[in-house]
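> Take a look at the following structure, please.
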Amino acid sequence: MTTLFLTHPAALQHVTPSGHPERVERLEAIYAALRHGDFSALDRRTAPQADAAEVLRGHSAAYLAEISHTRPEAGWSQLDPDTFMSPGSWEAALRAIGGVEAAVDAVLAGEAKNAFVAMRPPGHHAERGRSMGFCLFGTVAIAAKHALDHHGLARVAVLDFDVHHGNGTQDILWDEARAMFVSSQQMPLWPGTGTADETGAHGQIVNLPLAPGSGGAEMRAAWEGALARVAGFRPELILVSAGFDAHRDDPLANLNWTEADFAWITHAISDLADETCGGRVVSALEGGYDLDALAASVATHIRVLMERGE
């Protein structure tokens with residue numbers, strides 16, 4: 001088996017205003033990096049468009065209607081100070097959900113051990129009833145609900161190593177005893193959530209605040225303990241919110257991770273998956289805003305997934 005890679009040109013049609021950090025060029029940089037021969041064995045697939053009803057796994061009907069009605073015919077609609085919709089954003093966001101759900105379906109069917117989904121907009125800041133932080137829908141949280149409810153899994157883990165706290169995923173999964181959520185994040189930093197005492201309705205949420213200026217050593221110490229806790233949860237599938245903005249070159253935060261740190265955490269998650277769920281990992285792109293650092297870090301992440309998926 002090899003690693004699945006899912007994307008769709010619609011992700012390039014989610015266009016943000018000039019100067020916005022979450023821009024089309026992020027995905028173009030990833031595509032360029034993956035043209036290297038190292039990635040010729042990737043099983044490349046097209047991300048399908050999810051039915052809008054899938055959004056209801058994580059959001060209210062009122063919120064879905066609000067986003068649907070906000071779609072512009074031209075230019076942009078501004079949802080909050082950081083989050084915009086262009087005419088192509090609706091399809092891109094639904095294909096982001098569809099891509100992660102399709103990856104879940106394929107991995108659970110045994111077509112591959114793992115997968116990476118490169119779509120945008122990102123998702124982990126979108127709460128049940130509001131958009132936030134470049135995100136329209138809680139893509140990975142919705143996919144976790146899909147795995148639980150559509151496939152009948154008993155336990156799913158969602159692991160988030162983006163530099164910003166996955167407040168939306170936490171909000172959507174707060175009452176979900178079947179889903180364990182672990183998030184590391186710089187603190188203090190926007191959105192201001194993610195303290196260690198935020199533990200969920202069932203004690204199934206683990207937050208790992210990291211001090212500004214800290215690097216790989218502090219990250220590894222935090223995640224080693226957290227992954228041991230996840231092992232005790234015995235997930236049947238692991239979903240990853242893969243943000244690469246903890247990189248030392250990223251302009252939006254102040255952690256000092258390198259590509260070696262992203263390789264380490266990908267190996268550590270894969271080790272956990274081998275131990276608990278037959279290696280089943282589905283990873284989805286979140287943040288990362290320095291184009292060179294993003295491309296190099298995603299390439300490192302996928303190389304490890306490919307190595308572990310053989």
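Chain lettering (A, B, ...) mirrors the order of the structure tokens, residue numbering begins at 1 for each chain separately, and ligand numbering begins at 1 in order of display.
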Could you list, as an MDAnalysis selection string, every residue within 7 Å of segment 261-278 of chain A, counting only C-alpha atoms and ignoring same-chain residues fewer than 2 positions away?

chainID A and resid 216 231 234:238 257:259 280:281 297 300:301 304 308

> Kindly provide the residues of segment 134-232 of chain A that approach segment 78-92 of chain A to within 12 Å, each paired with its closest atom pair and their distance in Å to one decimal, based on only C-alpha atoms, listed by chain and increasing number, as a Markdown table.


```
| residue | atom | partner | partner_atom | distance |
| --- | --- | --- | --- | --- |
| A:Phe134 | CA | A:Thr83 | CA | 4.4 |
| A:Cys135 | CA | A:Thr83 | CA | 6.6 |
| A:Leu136 | CA | A:Thr83 | CA | 7.8 |
| A:Phe137 | CA | A:Trp90 | CA | 10.0 |
| A:Thr139 | CA | A:Ala92 | CA | 11.4 |
| A:Trp190 | CA | A:Asp82 | CA | 11.6 |
| A:Pro191 | CA | A:Asp82 | CA | 11.6 |
```

> May I have the residues within 12 Å of Ser18 of chain A as an MDAnalysis selection string, using only C-alpha atoms and disregarding those fewer than 5 positions away in the same chain?

chainID A and resid 23:25 75:76 84

> Find the residues near Glu54 of chain A: any atom within 9 Å, counting only C-alpha atoms, skip ones fewer than 5 places away on the same chain, and give them as a count of residues only.

6

> As a ChimeraX atom specification, which residues of segment 58-247 of chain A does DSSP assign to strand (DSSP E)?

/A:77-78,84-85,114-117,156-160,179-186,205-210,238-242

> Run DSSP on the backbone of this structure and report the residues of segment 18-212 of chain A it assigns to alpha helix (DSSP H), as a ChimeraX atom specification.

/A:24-33,61-69,89-108,139-149,167-173

> Taking only C-alpha atoms into account, which of A:Val140, A:Ala154, A:Ala74, A:Met306 comes nearest Met1 of chain A?

A:Met306

> Have a look at A:Thr3, A:Asn114, A:Gln185, A:Ser214 and name the one nearest to Val282 of chain A; count only C-alpha atoms.

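Checking each candidate against Val282 of chain A, we get A:Asn114 as the closest.
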